[in-house]
Structures are given as C-alpha cells and as structure tokens.
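Everything below belongs to coords_34.txt, which stores compact mmCIF, C-alpha atoms.
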```txt
# COMPACT_ATOMS: atom_id res chain seq x y z
CA MET A 1 1.50 0.10 -43.91
CA ASP A 2 4.33 -2.11 -45.16
CA THR A 3 5.25 -5.32 -43.39
CA LYS A 4 8.27 -5.24 -41.10
CA ASN A 5 10.55 -8.27 -41.25
CA ILE A 6 12.24 -9.36 -38.07
CA LEU A 7 14.95 -12.01 -37.82
CA ILE A 8 15.44 -13.96 -34.59
CA VAL A 9 18.79 -15.70 -34.22
CA ASP A 10 18.95 -18.03 -31.22
CA ASP A 11 19.99 -21.66 -30.80
CA SER A 12 17.26 -22.24 -28.20
CA PRO A 13 13.89 -23.22 -29.73
CA THR A 14 12.29 -22.11 -26.46
CA MET A 15 13.67 -18.59 -26.81
CA ARG A 16 12.79 -18.41 -30.51
CA GLN A 17 9.25 -19.42 -29.74
CA LEU A 18 9.03 -16.97 -26.84
CA LEU A 19 10.23 -14.04 -28.98
CA THR A 20 8.06 -15.02 -31.95
CA PHE A 21 5.07 -15.34 -29.63
CA ALA A 22 5.65 -11.82 -28.31
CA LEU A 23 6.41 -10.20 -31.69
CA LYS A 24 3.41 -11.68 -33.44
CA ARG A 25 1.21 -9.53 -31.28
CA LEU A 26 2.34 -6.58 -33.37
CA ARG A 27 0.53 -5.82 -36.61
CA ASN A 28 2.29 -6.10 -39.96
CA VAL A 29 5.25 -7.97 -38.56
CA ARG A 30 6.76 -11.09 -40.12
CA VAL A 31 9.17 -13.16 -38.06
CA THR A 32 11.91 -15.41 -39.44
CA GLU A 33 13.99 -17.71 -37.25
CA ALA A 34 17.59 -18.89 -37.45
CA SER A 35 19.38 -21.17 -34.99
CA ASN A 36 22.89 -19.69 -35.26
CA GLY A 37 24.93 -16.86 -36.75
CA VAL A 38 25.69 -18.59 -40.04
CA GLU A 39 22.06 -19.43 -40.68
CA GLY A 40 21.13 -15.89 -39.67
CA LEU A 41 23.61 -14.39 -42.12
CA LYS A 42 22.21 -16.55 -44.93
CA LYS A 43 18.68 -15.36 -44.18
CA LEU A 44 19.91 -11.76 -44.12
CA THR A 45 21.39 -11.98 -47.59
CA GLY A 46 18.30 -13.69 -49.01
CA ASP A 47 15.64 -11.29 -47.78
CA ARG A 48 15.09 -7.72 -46.61
CA PHE A 49 14.99 -7.33 -42.81
CA ASP A 50 14.14 -4.37 -40.62
CA LEU A 51 15.31 -5.69 -37.24
CA ILE A 52 17.45 -8.50 -35.82
CA PHE A 53 17.20 -10.11 -32.40
CA SER A 54 20.25 -12.22 -31.64
CA ASP A 55 21.56 -14.34 -28.81
CA ILE A 56 25.30 -14.16 -28.06
CA ASN A 57 26.25 -17.70 -27.08
CA MET A 58 25.45 -19.92 -30.06
CA PRO A 59 27.17 -22.79 -31.85
CA THR A 60 28.82 -22.39 -35.29
CA MET A 61 28.82 -18.58 -35.15
CA ASP A 62 28.08 -16.52 -32.05
CA GLY A 63 26.06 -13.33 -31.87
CA LEU A 64 29.04 -10.98 -31.55
CA LYS A 65 30.60 -12.33 -34.76
CA LEU A 66 27.25 -11.92 -36.47
CA VAL A 67 27.03 -8.26 -35.36
CA ALA A 68 30.53 -7.57 -36.62
CA LEU A 69 29.81 -9.15 -40.03
CA VAL A 70 26.49 -7.34 -40.42
CA ARG A 71 28.11 -3.99 -39.66
CA LYS A 72 30.77 -4.61 -42.30
CA ASP A 73 28.28 -5.37 -45.06
CA PRO A 74 27.01 -2.13 -46.69
CA ALA A 75 23.81 -3.83 -47.83
CA ILE A 76 22.65 -4.77 -44.35
CA GLN A 77 24.75 -2.66 -41.98
CA HIS A 78 21.83 -0.27 -41.35
CA ILE A 79 19.67 -2.95 -39.70
CA PRO A 80 19.30 -2.44 -35.93
CA ILE A 81 20.44 -5.43 -33.86
CA VAL A 82 19.11 -6.24 -30.40
CA MET A 83 21.21 -8.65 -28.37
CA ILE A 84 19.29 -10.92 -26.00
CA THR A 85 21.64 -12.78 -23.73
CA THR A 86 22.30 -14.30 -20.34
CA GLU A 87 25.54 -12.26 -20.09
CA GLY A 88 24.64 -9.49 -17.70
CA ALA A 89 28.10 -8.05 -16.97
CA ALA A 90 28.72 -4.42 -17.93
CA GLU A 91 31.80 -5.32 -19.98
CA ASP A 92 29.78 -7.79 -22.08
CA ARG A 93 27.25 -5.08 -22.79
CA GLN A 94 29.96 -2.58 -23.70
CA ARG A 95 31.67 -5.05 -25.99
CA ALA A 96 28.44 -5.80 -27.86
CA LEU A 97 27.54 -2.12 -28.20
CA ALA A 98 31.07 -1.28 -29.34
CA LEU A 99 30.80 -3.90 -32.08
CA GLY A 100 27.62 -2.27 -33.32
CA ALA A 101 24.72 -3.77 -31.40
CA THR A 102 21.86 -1.30 -31.09
CA GLU A 103 20.32 -2.58 -27.86
CA TYR A 104 21.30 -5.07 -25.19
CA ILE A 105 18.68 -7.02 -23.23
CA THR A 106 19.49 -9.61 -20.58
CA LYS A 107 17.57 -12.83 -19.99
CA PRO A 108 15.09 -13.68 -18.66
CA VAL A 109 13.18 -11.31 -20.94
CA GLN A 110 9.73 -9.87 -20.49
CA SER A 111 7.52 -9.76 -23.58
CA LEU A 112 6.70 -6.11 -22.86
CA GLN A 113 10.40 -5.29 -23.00
CA VAL A 114 10.67 -6.97 -26.42
CA LEU A 115 7.57 -5.19 -27.72
CA ASN A 116 8.71 -1.79 -26.49
CA VAL A 117 12.16 -2.02 -28.03
CA THR A 118 10.67 -3.28 -31.31
CA LYS A 119 8.13 -0.47 -31.48
CA ARG A 120 10.82 2.09 -30.77
CA LEU A 121 13.34 0.80 -33.29
CA LEU A 122 10.77 0.21 -36.05
CA ASP A 123 8.85 3.37 -35.22
CA LEU A 124 5.63 1.42 -34.72
CA GLN A 125 2.59 2.62 -32.78
CA MET B 126 -57.35 108.48 -20.30
CA ILE B 127 -59.07 107.88 -16.91
CA ASP B 128 -61.12 110.61 -15.59
CA PHE B 129 -60.51 110.98 -11.88
CA GLY B 130 -62.94 113.72 -11.56
CA ASP B 131 -65.77 111.58 -10.48
CA ASP B 132 -65.39 109.98 -7.00
CA GLU B 133 -67.63 107.08 -7.86
CA ASN B 134 -65.65 106.27 -10.94
CA LEU B 135 -62.44 106.62 -9.05
CA ALA B 136 -63.53 104.11 -6.42
CA LYS B 137 -64.66 101.73 -9.15
CA HIS B 138 -61.35 102.00 -10.92
CA ALA B 139 -59.47 101.45 -7.67
CA GLU B 140 -61.59 98.39 -6.97
CA GLU B 141 -60.85 97.01 -10.43
CA PHE B 142 -57.13 97.70 -10.06
CA LEU B 143 -57.10 95.98 -6.67
CA GLN B 144 -58.86 92.95 -8.08
CA LEU B 145 -56.40 92.88 -10.97
CA PHE B 146 -53.50 93.18 -8.58
CA ASN B 147 -54.90 90.40 -6.38
CA LYS B 148 -55.30 88.17 -9.39
CA GLY B 149 -51.74 88.89 -10.42
CA ALA B 150 -50.53 88.14 -6.91
CA ALA B 151 -52.48 84.86 -6.79
CA PHE B 152 -51.15 83.91 -10.22
CA THR B 153 -47.62 84.67 -9.11
CA GLN B 154 -48.19 82.58 -5.96
CA ALA B 155 -49.47 79.69 -8.06
CA LEU B 156 -46.45 79.93 -10.36
CA LEU B 157 -44.06 79.92 -7.44
CA LYS B 158 -45.78 76.91 -5.94
CA GLU B 159 -45.70 75.00 -9.19
CA ASN B 160 -42.05 75.88 -9.63
CA GLU B 161 -41.30 74.61 -6.16
CA GLN B 162 -43.11 71.33 -6.92
CA LEU B 163 -41.21 70.90 -10.17
CA ARG B 164 -37.87 71.52 -8.42
CA TYR B 165 -38.83 68.97 -5.79
CA GLN B 166 -39.77 66.39 -8.44
CA LEU B 167 -36.53 67.09 -10.31
CA LEU B 168 -34.52 66.60 -7.16
CA LYS B 169 -36.31 63.33 -6.37
CA ALA B 170 -35.78 62.09 -9.88
CA GLY B 171 -32.06 62.89 -9.59
CA GLU B 172 -31.83 61.08 -6.31
CA ARG B 173 -33.61 58.04 -7.72
CA GLN B 174 -31.28 57.97 -10.67
CA ALA B 175 -28.24 58.18 -8.41
CA THR B 176 -29.24 55.62 -5.84
CA ALA B 177 -31.31 53.17 -7.82
CA PRO B 178 -29.49 50.02 -9.36
CA VAL B 179 -28.52 50.24 -12.99
CA ASP B 180 -30.62 47.19 -13.84
CA SER B 181 -31.38 44.94 -10.94
CA ASP B 182 -32.63 42.09 -13.15
CA SER B 183 -29.58 41.88 -15.43
CA GLU B 184 -27.24 42.11 -12.45
CA ALA B 185 -28.94 39.16 -10.82
CA GLN B 186 -28.63 37.25 -14.09
CA LEU B 187 -24.92 38.04 -14.29
CA GLU B 188 -24.37 36.88 -10.74
CA GLN B 189 -26.25 33.67 -11.52
CA LYS B 190 -24.15 33.17 -14.62
CA ILE B 191 -20.91 33.64 -12.67
CA ALA B 192 -22.08 31.14 -10.08
CA ASP B 193 -22.99 28.66 -12.84
CA LEU B 194 -19.61 29.10 -14.52
CA GLU B 195 -17.83 28.56 -11.24
CA ARG B 196 -19.83 25.38 -10.67
CA GLU B 197 -19.02 24.27 -14.20
CA ARG B 198 -15.33 24.97 -13.62
CA GLN B 199 -15.37 22.92 -10.42
CA GLU B 200 -17.15 20.12 -12.26
CA ILE B 201 -14.57 20.18 -15.07
CA PHE B 202 -11.73 20.02 -12.51
CA ARG B 203 -13.44 17.10 -10.81
CA ARG B 204 -13.84 15.28 -14.14
CA ILE B 205 -10.20 15.94 -15.07
CA LYS B 206 -9.13 14.42 -11.77
CA GLU B 207 -11.41 11.46 -12.36
CA VAL B 208 -10.04 10.94 -15.89
CA GLU B 209 -6.47 11.21 -14.60
CA ALA B 210 -7.23 8.62 -11.93
CA GLU B 211 -8.86 6.39 -14.56
CA ASN B 212 -5.81 6.78 -16.82
CA LEU B 213 -3.50 5.81 -14.00
CA ASP B 214 -5.72 2.85 -13.21
CA PHE B 215 -5.73 1.78 -16.87
CA ALA B 216 -1.95 2.13 -17.05
CA ASN B 217 -1.54 0.00 -13.94
CA ARG B 218 -4.00 -2.55 -15.24
CA TYR B 219 -2.20 -2.61 -18.59
CA VAL B 220 1.06 -3.41 -16.84
CA GLU B 221 -0.67 -6.08 -14.75
CA ILE B 222 -2.29 -7.62 -17.84
CA GLU B 223 1.04 -7.53 -19.66
CA GLU B 224 2.70 -9.30 -16.72
CA GLU B 225 -0.08 -11.88 -16.69
CA ASN B 226 0.22 -12.25 -20.44
CA ASN B 227 3.97 -12.70 -20.13
CA LYS B 228 3.44 -15.30 -17.43
CA LEU B 229 0.91 -17.24 -19.51
CA ALA B 230 3.15 -17.04 -22.59
CA ASN B 231 6.09 -18.42 -20.62
CA LEU B 232 3.99 -21.24 -19.18
CA TYR B 233 2.50 -22.08 -22.57
CA ILE B 234 5.89 -22.14 -24.27
CA ALA B 235 7.51 -24.16 -21.48
CA SER B 236 4.69 -26.70 -21.59
CA TYR B 237 4.65 -26.77 -25.41
CA GLN B 238 8.40 -27.33 -25.62
CA LEU B 239 8.47 -29.98 -22.88
CA HIS B 240 5.90 -32.08 -24.71
CA SER B 241 7.20 -31.42 -28.21
CA THR B 242 9.49 -34.44 -28.31
CA LEU B 243 9.93 -37.99 -26.99
CA ASP B 244 13.70 -37.84 -27.26
CA PHE B 245 15.15 -38.07 -23.76
CA LYS B 246 18.19 -35.88 -24.50
CA GLU B 247 16.04 -33.25 -26.19
CA VAL B 248 13.69 -33.15 -23.22
CA LEU B 249 16.63 -32.59 -20.87
CA GLN B 250 17.92 -29.85 -23.21
CA ILE B 251 14.51 -28.17 -23.11
CA VAL B 252 14.40 -28.39 -19.30
CA SER B 253 17.82 -26.66 -19.25
CA GLU B 254 16.64 -23.97 -21.65
CA ILE B 255 13.62 -23.25 -19.50
CA ILE B 256 15.73 -23.02 -16.36
CA ILE B 257 18.27 -20.70 -18.04
CA ASN B 258 16.13 -18.59 -20.37
CA LEU B 259 12.81 -18.35 -18.60
CA ILE B 260 13.83 -18.58 -14.95
CA GLY B 261 17.31 -17.11 -15.19
CA ALA B 262 19.44 -19.68 -13.35
CA GLU B 263 23.18 -19.85 -13.93
CA VAL B 264 24.29 -22.82 -11.83
CA PHE B 265 21.92 -25.75 -11.58
CA ALA B 266 21.48 -29.49 -12.08
CA VAL B 267 18.74 -31.98 -12.78
CA LEU B 268 19.14 -35.08 -10.65
CA LEU B 269 17.15 -38.24 -11.33
CA ARG B 270 16.52 -41.01 -8.83
CA ASP B 271 17.96 -44.39 -9.77
CA GLU B 272 15.88 -46.98 -7.98
CA LYS B 273 18.42 -49.77 -8.53
CA SER B 274 21.46 -48.04 -7.08
CA ARG B 275 19.39 -46.03 -4.57
CA GLN B 276 21.35 -42.97 -5.67
CA LEU B 277 20.75 -39.83 -7.65
CA GLU B 278 22.24 -39.58 -11.12
CA VAL B 279 23.07 -36.33 -12.86
CA ALA B 280 20.94 -35.84 -15.97
CA VAL B 281 21.92 -32.21 -16.56
CA HIS B 282 24.51 -29.98 -14.93
CA GLU B 283 25.28 -26.37 -15.79
CA GLY B 284 28.01 -24.32 -14.14
CA VAL B 285 28.83 -27.08 -11.65
CA ASP B 286 31.02 -30.16 -11.77
CA SER B 287 28.89 -33.27 -11.36
CA ALA B 288 31.45 -34.65 -8.89
CA GLU B 289 30.53 -31.89 -6.46
CA LEU B 290 26.87 -32.78 -6.37
CA PRO B 291 25.55 -34.77 -3.39
CA LEU B 292 24.30 -37.81 -5.27
CA LYS B 293 24.34 -40.34 -2.45
CA GLU B 294 22.28 -38.32 -0.04
CA LEU B 295 18.90 -39.72 -0.93
CA ASP B 296 17.69 -39.46 2.63
CA GLN B 297 19.80 -36.55 3.85
CA GLY B 298 19.66 -32.78 3.85
CA ILE B 299 17.38 -30.57 1.83
CA ILE B 300 17.51 -32.82 -1.26
CA GLY B 301 16.64 -35.90 0.79
CA GLU B 302 13.76 -34.02 2.37
CA ILE B 303 12.48 -32.89 -1.04
CA LEU B 304 12.60 -36.46 -2.33
CA ALA B 305 10.78 -37.72 0.76
CA THR B 306 8.09 -35.07 1.01
CA GLY B 307 7.74 -33.93 -2.60
CA ASP B 308 7.59 -30.30 -1.46
CA SER B 309 9.57 -27.51 -3.13
CA TYR B 310 12.22 -25.59 -1.22
CA PHE B 311 13.28 -21.96 -1.69
CA ALA B 312 16.02 -20.17 0.22
CA ASP B 313 14.61 -17.29 2.26
CA ASP B 314 16.86 -14.70 0.68
CA ILE B 315 18.71 -15.02 -2.64
CA ASP B 316 21.19 -12.27 -1.75
CA SER B 317 22.34 -13.84 1.49
CA TYR B 318 22.50 -17.39 0.09
CA VAL B 319 25.95 -18.95 0.36
CA LEU B 320 26.83 -21.64 -2.17
CA ASP B 321 26.51 -25.09 -0.65
CA TYR B 322 25.93 -28.05 -2.98
CA ALA B 323 24.18 -30.01 -0.25
CA HIS B 324 21.93 -27.06 0.45
CA PRO B 325 20.64 -25.61 -2.84
CA MET B 326 19.05 -22.18 -3.21
CA VAL B 327 16.05 -23.80 -4.87
CA SER B 328 14.98 -27.45 -4.99
CA ILE B 329 12.05 -28.51 -7.13
CA PRO B 330 10.85 -32.11 -6.97
CA LEU B 331 10.06 -33.82 -10.27
CA LYS B 332 6.77 -35.47 -9.45
CA ILE B 333 4.37 -37.78 -11.19
CA LYS B 334 1.43 -37.84 -8.81
CA ASP B 335 2.97 -39.03 -5.52
CA LEU B 336 6.11 -40.44 -7.10
CA THR B 337 9.16 -38.19 -7.00
CA ILE B 338 11.48 -39.23 -9.82
CA GLY B 339 14.14 -36.61 -9.25
CA VAL B 340 14.91 -33.05 -8.30
CA ILE B 341 15.97 -29.81 -9.97
CA VAL B 342 18.54 -28.01 -7.83
CA ILE B 343 19.53 -24.38 -8.43
CA TYR B 344 22.64 -22.93 -6.81
CA ARG B 345 23.03 -19.52 -8.44
CA MET B 346 20.90 -17.16 -10.46
CA LEU B 347 22.14 -14.97 -13.32
CA GLU B 348 23.85 -11.75 -12.24
CA GLN B 349 20.91 -9.62 -13.37
CA LYS B 350 18.32 -11.80 -11.64
CA GLN B 351 17.83 -10.11 -8.28
CA ARG B 352 14.72 -11.85 -7.03
CA PHE B 353 12.13 -14.44 -7.96
CA ALA B 354 9.05 -13.15 -9.76
CA ASP B 355 5.57 -14.65 -9.57
CA VAL B 356 6.09 -16.29 -12.94
CA ASP B 357 9.15 -18.12 -11.58
CA TYR B 358 7.07 -19.90 -8.94
CA GLU B 359 4.53 -20.78 -11.63
CA LEU B 360 7.33 -22.14 -13.80
CA PHE B 361 8.73 -24.13 -10.89
CA THR B 362 5.29 -25.65 -10.35
CA LEU B 363 4.97 -26.40 -14.06
CA LEU B 364 8.43 -27.96 -14.15
CA ALA B 365 7.64 -30.11 -11.12
CA GLY B 366 4.78 -31.78 -12.99
CA HIS B 367 5.34 -31.38 -16.72
CA ALA B 368 9.11 -31.81 -16.76
CA ALA B 369 8.74 -34.96 -14.65
CA THR B 370 6.18 -36.43 -17.06
CA ALA B 371 8.20 -35.41 -20.11
CA ILE B 372 11.44 -36.84 -18.67
CA PHE B 373 9.79 -40.03 -17.50
CA SER B 374 7.87 -40.71 -20.71
CA SER B 375 10.78 -39.86 -23.01
CA ARG B 376 13.09 -42.13 -21.01
CA MET B 377 10.53 -44.92 -21.22
CA TYR B 378 10.17 -44.31 -24.94
CA SER B 379 13.93 -44.26 -25.51
CA ASP B 380 14.32 -47.48 -23.50
CA SER B 381 11.51 -49.18 -25.41
CA GLU B 382 12.97 -48.01 -28.71
CA ARG B 383 16.33 -49.45 -27.73
CA LYS B 384 14.73 -52.74 -26.63
CA LEU B 385 12.63 -52.86 -29.78
CA SER B 386 15.75 -52.36 -31.85
CA THR B 387 17.49 -55.19 -29.98
CA ILE B 388 14.52 -57.55 -30.39
CA GLN B 389 14.24 -56.58 -34.06
CA GLY B 390 17.92 -57.46 -34.43
CA PHE B 391 17.32 -60.89 -32.91
CA ILE B 392 14.29 -61.50 -35.12
CA ASP B 393 16.23 -60.46 -38.20
CA LEU B 394 19.05 -62.81 -37.15
CA LEU B 395 16.64 -65.71 -36.68
CA THR B 396 14.67 -65.15 -39.87
CA LYS B 397 17.59 -64.63 -42.23
```

Transcribe the structure of this file into structure tokens.
Amino acid sequence: MDTKNILIVDDSPTMRQLLTFALKRLRNVRVTEASNGVEGLKKLTGDRFDLIFSDINMPTMDGLKLVALVRKDPAIQHIPIVMITTEGAAEDRQRALALGATEYITKPVQSLQVLNVTKRLLDLQ
Amino acid sequence: MIDFGDDENLAKHAEEFLQLFNKGAAFTQALLKENEQLRYQLLKAGERQATAPVDSDSEAQLEQKIADLERERQEIFRRIKEVEAENLDFANRYVEIEEENNKLANLYIASYQLHSTLDFKEVLQIVSEIIINLIGAEVFAVLLRDEKSRQLEVAVHEGVDSAELPLKELDQGIIGEILATGDSYFADDIDSYVLDYAHPMVSIPLKIKDLTIGVIVIYRMLEQKQRFADVDYELFTLLAGHAATAIFSSRMYSDSERKLSTIQGFIDLLTK
C-alpha cells in the first residue's frame, strides 16, 4: 500500500501537534506541517499530497485564500481540503464549501472525527 | 362291469362306495376348513398391514432429529443475539476508548506545549491556544495577580476589551472568591448564562500549590460548543496547575534574563 501524504496548515503549534498526533495512528500516512497559507502552498508545489487540513484564520495567508489558490492550480486542484476552524456559523461553512473546501469541521475537534474524515477521503480501512 | 347279481357282492360294493364317499366328504370338509383358515390369516395380515406403523423405529429417529434441529436452531438464535450484544458492547467500548484516547491526547499535548518554552509571551500564547482550540472558548482572559499593586493585570484577553475586566476586585465577587479559595467555578448552565464581566461563566485559578497567581476567566464559548465535556474539566484542572507553573517559571526566567542582560551591560561598561 502506498504512503498517503497529508498536509496540515495551521498557525497554532498546539493544533498541528493535535492533528499530527491523531493522524499518525493511521498506517502508511506521512504528515507535513505548515504554519500559514503561503508556507502550505510552497509545500504543495514541492511534494505530492493526498489530503490537506487547513485552519481559516492564519497570518500571511488565510485558509480560504489557500483553498481558492489550490482549486485554481490544475496540478493540485484535485486534492481534498478539510477546513478546521473556530468559525461555526453556517455562512462561514457555506463560503468555504463554495470556494472548494471538501469538508468543514469546527473546533474543538475530536480525534475520531479527524480519523473518520481522513479514512473516508483517502479510502482507507 | 359290476355284477349286481350277487347280494353279498352288492353289499360289499355299497360298503366300499359309502366309505369312498365318506372319505371324499371328509376331504372336502378338510379343504373347506383349511380354506377358511387361509382366508382368516389373509384378512389378519391385511389388517396388520393397514394398521401397523410404516417403520416405528425410523419415525422415532426422524422425530428425534427434528427435535435436535429445533434445539440447534434455538441455540443458533441465542448465539446470534449474544454476538449482536457483544458487537454493540464492543462498539460502545470503542467509542469510550476513543473518547478516553482523545482526552489523553489533548492533555498530553496541552502539557507538552505548556512546558515547551521558557518565553513568557509564548507561554501565554499557548495558554490561549489551549483555551480556544481544545476547550472552545471565544471570549476569555488570563488575569495575573500583581502583589505590588494588589490588583489583577491582564496577561491575555480575547474577544473582550481589557478595560471592561474587573481588575481591582481582588477580594470581591466570583473572581475574588476564586483567588481567596483557589477553587474553580463553573456556571450552572451555559445556555442561560448572561454576560457579566464580574461574574464569568468559568473561572479557573492558576495555582502553584496553595499560591494562586492568577485566574483564567471565560465569558463565552464558541457557537458550536453547547456544553462542557469531561475532557474540558480535565483540561481546566491541567491548566490550573501546569499553566500556572509555566507562566510563573517563564516570567521568572524572562525577568532573570532581563536582569542578567542589565548586569552584563554594567560589567561590560566597567571592564572596557
């Protein structure tokens, strides 16, 4: 089974560690971290990724801008993007999904939630 | 041809004929009797065939087999129910273990992050991240006790203007009580809580043993956070101890670094 590469984009080291901690329970998964949208975009162009987890509110480049740029780039536009954010309003969710986000999860997150969405999107057992 | 001319011969012949006739009659009687016996036996045999079971042994075996199969079927149903109950139990236990795992992961990460630096500002940033990302608070503040001014000072504030916070009430209200007793406070019902800066929804003392160095006050949770989970209370307890130690030690370290830098400046000035 080939290794699945997951990119976590979040300015909070606590959240990055929490997500990495949860995702590393899955087999054949490699996790890469980025602290904002710009850094995330650089990682995306330098490596092949199968899934992106991104926060919305971040310095330098926010998560919504990142989603929009990923969806415009033919080389990476197929990658599913899961937004993980404190913004729980329905309009925030709709805006993110309209821009091309695949899933929308609100904080505080449960590790089981993260694992389930990852398994589903990467078709893992 | 018989000569009937002689009386003696005639009588003899008649006697012989009579004997022959008697024998024939007896033979006929015997045949009739035997025939009657055979008919009777035939009739009995027919009756036996009609009334007797086809095969009493094999029928009993079949009945036994049916009873065994029925028992087996009942046993299989019972096992299926048992397995279903076990599956449900496993599923529930899996969810419980996952929740426990999630709780431990959160506590581990919170503790790891709190003690990952000696930079005072970074520690405060990490405390904020834990309150926002792991607990799910939207409006909150971290207030630290200033022993010199006998007031609280705002170390962190999110979603609230620091001017609105009750910083002079060291011995008043909920916050004063928390500082005095060192006990946490939680509003009875999140839904019915009405914003009041002197009366927070949650107040967590920052304690180092019996010394309370400050308080975390929460005024509003994120929209999607409907209630406190078990892990939240664990995190509050962890914050009360670990955040206090991390804040206290990082502030001491920052102060000593600053003093060291000042002293080093003096030494450099004197030695050059």

> Using only C-alpha atoms, which residues sit within 9 Å of stretch 339-350 of chain B once same-chain residues fewer than 5 positions away are excluded, as a ChimeraX atom specification?
Replying inline: /A:86-89,106-108 /B:256-257,260-271,277-278,284-285,300,303-304,315,318-322,324-332,364-365,369

>> I need the chain B residues near chain A as a PyMOL selection string; criterion: at most 12 Å, counting all atoms listed in the file.
In response: chain B and resi 219-241+247-248+250-263+346-354+356-357

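Atom CA of A:Leu124 is found 11.1 Å from atom CA of A:Asp2.
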
>> Here's a test: counting only C-alpha atoms, identify every protein, DNA and RNA residue with an atom at most 10 Å from (33.7, -4.7, -33.8) in the file's coordinate frame, and state them as JSON, numbers by chain.
In response: {"A": [64, 65, 67, 68, 69, 71, 72, 95, 96, 97, 98, 99, 100, 101]}

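In this model, the gap between atom CA of B:Val281 and atom CA of B:Phe361 comes to 16.5 Å.
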
I'd like the box whose edges run along x, y and z of the file and which contains every listed atom of stretch 161-177 of chain B, padded by 8 Å per side; could you state its centre and edge lengths in Å, one decimal, as AutoDock Vina command-line options?
```
--center_x -35.7 --center_y 63.9 --center_z -8.2 --size_x 30.9 --size_y 37.4 --size_z 20.9
```

> Leaving out A:Val9 and any residue of its chain fewer than 6 positions from it, which residues lie within 10 Å of it when counting all atoms listed in the file, given as number ranges by chain?
Replying inline: A: 15-16, 32-41, 43, 52-56, 58, 62-63, 66, 83-84

>> At a cut-off of 9 Å, using only C-alpha atoms, what residues contact B:Phe373? Leave out same-chain residues fewer than 3 positions from it and give the result as a ChimeraX atom specification.
In response: /B:245,333,338,368-370,376-378

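The gap separating atom CA of B:Ala280 from atom CA of B:Asp244 is 13.6 Å, in Å to one decimal.
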
> Quick one: of B:Ile392, B:Tyr310, B:Glu195, B:Leu336, who's nearest to B:Tyr358, counting all atoms listed in the file?
Replying inline: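 Counting all atoms listed in the file, the residue closest to B:Tyr358 is B:Tyr310.
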
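Among the candidates A:Asp11, A:Asp92, A:Asn5, A:Phe49, the one nearest to A:Leu23 when counting only C-alpha atoms is A:Asn5.
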
Could stretch 247-260 of chain B be completed with N, CA and C atoms and returned as a CSV table (one decimal), in the coordinates of the input?
```csv
chain,number,residue,atom,x,y,z
B,247,GLU,N,16.7,-34.5,-25.8
B,247,GLU,CA,16.0,-33.2,-26.2
B,247,GLU,C,15.2,-32.7,-25.0
B,248,VAL,N,14.5,-33.6,-24.4
B,248,VAL,CA,13.7,-33.2,-23.2
B,248,VAL,C,14.6,-32.5,-22.2
B,249,LEU,N,15.7,-33.2,-21.9
B,249,LEU,CA,16.6,-32.6,-20.9
B,249,LEU,C,17.2,-31.2,-21.3
B,250,GLN,N,17.4,-31.1,-22.6
B,250,GLN,CA,17.9,-29.8,-23.2
B,250,GLN,C,16.9,-28.8,-23.0
B,251,ILE,N,15.6,-29.1,-23.3
B,251,ILE,CA,14.5,-28.2,-23.1
B,251,ILE,C,14.3,-27.8,-21.6
B,252,VAL,N,14.5,-28.7,-20.7
B,252,VAL,CA,14.4,-28.4,-19.3
B,252,VAL,C,15.5,-27.4,-19.0
B,253,SER,N,16.7,-27.6,-19.5
B,253,SER,CA,17.8,-26.7,-19.2
B,253,SER,C,17.5,-25.3,-19.8
B,254,GLU,N,17.0,-25.3,-21.0
B,254,GLU,CA,16.6,-24.0,-21.6
B,254,GLU,C,15.6,-23.2,-20.8
B,255,ILE,N,14.6,-23.9,-20.3
B,255,ILE,CA,13.6,-23.2,-19.5
B,255,ILE,C,14.2,-22.7,-18.2
B,256,ILE,N,15.1,-23.5,-17.6
B,256,ILE,CA,15.7,-23.0,-16.4
B,256,ILE,C,16.6,-21.8,-16.6
B,257,ILE,N,17.4,-21.8,-17.7
B,257,ILE,CA,18.3,-20.7,-18.0
B,257,ILE,C,17.5,-19.5,-18.6
B,258,ASN,N,16.7,-19.7,-19.6
B,258,ASN,CA,16.1,-18.6,-20.4
B,258,ASN,C,14.9,-18.0,-19.7
B,259,LEU,N,14.1,-18.9,-19.2
B,259,LEU,CA,12.8,-18.4,-18.6
B,259,LEU,C,12.9,-18.0,-17.1
B,260,ILE,N,13.7,-18.8,-16.4
B,260,ILE,CA,13.8,-18.6,-15.0
B,260,ILE,C,15.1,-17.7,-14.7
```
